[in-house]
Amino acid sequence: MQFLNGITLLLVYQLAGEIIVRMLGVPIPGPVLGMVMLFVTMMVRGRAPESVEQASTALLSHLSLLFVPAGVGMITHFGRIADEWLPITLALLLSTVITMVATALIMQHTSRWFTKPAQVQGQNDE
């Protein structure tokens, strides 16, 4: 029964997000807004309900099944992928490199906010 309650709660938040997005015309997906609302609720409560933990654990254990539609889509469009393999490969490689560089730069920039320089710490200790 806990699993059913957890799935129901997850779907209610997804539905609420979808309704809000459609009513307000917000340019983000409804399930994403629902997930943000669920996250805020759990932050306010300080923990996730046991039913949500049980349902999310069960869903995560079967996560690989969610990749089946993507695999079927790849097989369906295999001819097109084979014809356009070079631009697809270049796009994947470039986007991976750009993402890694951007992540490194952002991490380097934001880490400065949370760490004090060694010289300043040494002067404060004396």
# chains A, B, ... in the order shown; residues from 1 in each chain; ligands from 1
$ residues_around --residues "segment 28-42 of chain A" --least-positions-apart "4" --cutoff "8 Å" --atoms "only C-alpha atoms" --output "ChimeraX atom specification"
/A:10,13-22,46-48
$ select_by_dssp --residues "chain A" --states "alpha helix (DSSP H)" --output "MDAnalysis selection string"
chainID A and resid 2:24 30:45 50:61 68:76 78:83 85:114 118:125
$ residues_around --residues "segment 50-54 of chain A" --least-positions-apart "4" --cutoff "8 Å" --atoms "only C-alpha atoms" --output "NGL selection string"
:A and (2-7 or 9-10 or 58)
$ decode --residues "segment 3-120 of chain A" --atoms "C-alpha atoms" --output "mmCIF file, in the first residue's frame"
data_model
loop_
_atom_site.group_PDB
_atom_site.id
_atom_site.type_symbol
_atom_site.label_atom_id
_atom_site.label_comp_id
_atom_site.auth_asym_id
_atom_site.auth_seq_id
_atom_site.Cartn_x
_atom_site.Cartn_y
_atom_site.Cartn_z
ATOM 1 C CA PHE A 3 4.147 1.941 -2.888
ATOM 2 C CA LEU A 4 0.731 2.866 -4.277
ATOM 3 C CA ASN A 5 0.543 5.921 -2.013
ATOM 4 C CA GLY A 6 4.016 7.026 -3.124
ATOM 5 C CA ILE A 7 3.292 6.604 -6.835
ATOM 6 C CA THR A 8 0.023 8.474 -6.389
ATOM 7 C CA LEU A 9 1.794 11.347 -4.655
ATOM 8 C CA LEU A 10 4.437 11.532 -7.398
ATOM 9 C CA LEU A 11 1.751 11.552 -10.095
ATOM 10 C CA VAL A 12 -0.289 14.195 -8.246
ATOM 11 C CA TYR A 13 2.743 16.504 -8.167
ATOM 12 C CA GLN A 14 3.362 15.831 -11.862
ATOM 13 C CA LEU A 15 -0.274 16.612 -12.645
ATOM 14 C CA ALA A 16 -0.190 19.780 -10.552
ATOM 15 C CA GLY A 17 2.917 20.939 -12.389
ATOM 16 C CA GLU A 18 1.297 20.201 -15.747
ATOM 17 C CA ILE A 19 -1.862 22.122 -14.799
ATOM 18 C CA ILE A 20 0.105 25.136 -13.567
ATOM 19 C CA VAL A 21 2.260 25.213 -16.713
ATOM 20 C CA ARG A 22 -0.788 25.070 -18.972
ATOM 21 C CA MET A 23 -2.720 27.682 -16.981
ATOM 22 C CA LEU A 24 0.138 30.169 -16.682
ATOM 23 C CA GLY A 25 1.904 29.389 -19.963
ATOM 24 C CA VAL A 26 5.236 28.898 -18.193
ATOM 25 C CA PRO A 27 7.925 27.766 -20.682
ATOM 26 C CA ILE A 28 9.075 24.717 -18.699
ATOM 27 C CA PRO A 29 7.772 21.137 -18.760
ATOM 28 C CA GLY A 30 4.993 20.381 -16.278
ATOM 29 C CA PRO A 31 6.718 17.340 -14.760
ATOM 30 C CA VAL A 32 9.805 19.456 -14.055
ATOM 31 C CA LEU A 33 7.700 22.042 -12.217
ATOM 32 C CA GLY A 34 5.982 19.230 -10.332
ATOM 33 C CA MET A 35 9.358 17.821 -9.317
ATOM 34 C CA VAL A 36 10.476 21.251 -8.105
ATOM 35 C CA MET A 37 7.281 21.564 -6.060
ATOM 36 C CA LEU A 38 7.851 18.098 -4.579
ATOM 37 C CA PHE A 39 11.451 19.040 -3.749
ATOM 38 C CA VAL A 40 10.328 22.249 -2.019
ATOM 39 C CA THR A 41 7.711 20.310 -0.059
ATOM 40 C CA MET A 42 10.306 17.791 1.109
ATOM 41 C CA MET A 43 12.733 20.582 2.041
ATOM 42 C CA VAL A 44 10.043 22.270 4.149
ATOM 43 C CA ARG A 45 9.116 18.971 5.824
ATOM 44 C CA GLY A 46 12.771 18.061 6.286
ATOM 45 C CA ARG A 47 12.442 14.554 4.864
ATOM 46 C CA ALA A 48 10.758 12.483 2.195
ATOM 47 C CA PRO A 49 7.684 10.497 3.202
ATOM 48 C CA GLU A 50 8.283 6.744 3.534
ATOM 49 C CA SER A 51 5.819 6.060 0.728
ATOM 50 C CA VAL A 52 7.716 8.336 -1.685
ATOM 51 C CA GLU A 53 11.033 6.729 -0.703
ATOM 52 C CA GLN A 54 9.631 3.267 -1.346
ATOM 53 C CA ALA A 55 8.079 4.243 -4.690
ATOM 54 C CA SER A 56 11.172 6.098 -5.900
ATOM 55 C CA THR A 57 13.431 3.189 -4.946
ATOM 56 C CA ALA A 58 11.226 0.799 -6.889
ATOM 57 C CA LEU A 59 11.171 3.114 -9.920
ATOM 58 C CA LEU A 60 14.938 3.566 -9.841
ATOM 59 C CA SER A 61 15.489 -0.172 -9.683
ATOM 60 C CA HIS A 62 13.677 -0.455 -13.029
ATOM 61 C CA LEU A 63 15.227 2.654 -14.587
ATOM 62 C CA SER A 64 16.766 0.687 -17.443
ATOM 63 C CA LEU A 65 13.258 -0.036 -18.789
ATOM 64 C CA LEU A 66 12.832 3.684 -19.462
ATOM 65 C CA PHE A 67 15.584 3.474 -22.077
ATOM 66 C CA VAL A 68 13.673 0.929 -24.167
ATOM 67 C CA PRO A 69 11.683 3.576 -26.113
ATOM 68 C CA ALA A 70 14.907 5.452 -26.928
ATOM 69 C CA GLY A 71 16.502 2.214 -28.170
ATOM 70 C CA VAL A 72 13.471 1.440 -30.310
ATOM 71 C CA GLY A 73 13.648 4.943 -31.757
ATOM 72 C CA MET A 74 17.303 4.449 -32.632
ATOM 73 C CA ILE A 75 16.532 1.169 -34.399
ATOM 74 C CA THR A 76 13.605 2.756 -36.219
ATOM 75 C CA HIS A 77 15.796 5.585 -37.540
ATOM 76 C CA PHE A 78 18.947 3.487 -38.017
ATOM 77 C CA GLY A 79 19.073 4.230 -41.754
ATOM 78 C CA ARG A 80 19.060 7.956 -41.178
ATOM 79 C CA ILE A 81 21.652 7.656 -38.403
ATOM 80 C CA ALA A 82 23.871 5.597 -40.724
ATOM 81 C CA ASP A 83 23.536 8.222 -43.474
ATOM 82 C CA GLU A 84 24.354 11.124 -41.155
ATOM 83 C CA TRP A 85 26.895 9.475 -38.839
ATOM 84 C CA LEU A 86 29.594 12.124 -39.317
ATOM 85 C CA PRO A 87 27.543 15.194 -38.270
ATOM 86 C CA ILE A 88 26.021 13.217 -35.393
ATOM 87 C CA THR A 89 29.450 12.100 -34.181
ATOM 88 C CA LEU A 90 30.888 15.615 -34.479
ATOM 89 C CA ALA A 91 27.917 17.096 -32.630
ATOM 90 C CA LEU A 92 28.269 14.540 -29.832
ATOM 91 C CA LEU A 93 32.018 15.069 -29.492
ATOM 92 C CA LEU A 94 31.844 18.866 -29.637
ATOM 93 C CA SER A 95 28.944 19.081 -27.205
ATOM 94 C CA THR A 96 30.764 16.765 -24.793
ATOM 95 C CA VAL A 97 33.959 18.840 -24.922
ATOM 96 C CA ILE A 98 32.055 22.131 -24.597
ATOM 97 C CA THR A 99 30.085 20.763 -21.637
ATOM 98 C CA MET A 100 33.231 19.535 -19.898
ATOM 99 C CA VAL A 101 35.025 22.873 -20.407
ATOM 100 C CA ALA A 102 31.993 24.872 -19.272
ATOM 101 C CA THR A 103 31.572 22.673 -16.211
ATOM 102 C CA ALA A 104 35.239 23.040 -15.289
ATOM 103 C CA LEU A 105 35.137 26.826 -15.674
ATOM 104 C CA ILE A 106 31.932 27.141 -13.674
ATOM 105 C CA MET A 107 33.287 24.871 -10.947
ATOM 106 C CA GLN A 108 36.523 26.860 -10.816
ATOM 107 C CA HIS A 109 34.600 30.134 -10.625
ATOM 108 C CA THR A 110 32.105 29.012 -7.977
ATOM 109 C CA SER A 111 34.724 27.286 -5.823
ATOM 110 C CA ARG A 112 36.247 30.713 -5.219
ATOM 111 C CA TRP A 113 33.045 31.737 -3.437
ATOM 112 C CA PHE A 114 33.331 28.922 -0.908
ATOM 113 C CA THR A 115 37.065 28.871 -0.198
ATOM 114 C CA LYS A 116 39.205 31.564 1.325
ATOM 115 C CA PRO A 117 42.681 32.163 -0.052
ATOM 116 C CA ALA A 118 45.452 30.491 1.982
ATOM 117 C CA GLN A 119 47.200 33.810 2.633
ATOM 118 C CA VAL A 120 44.148 35.420 4.172
#
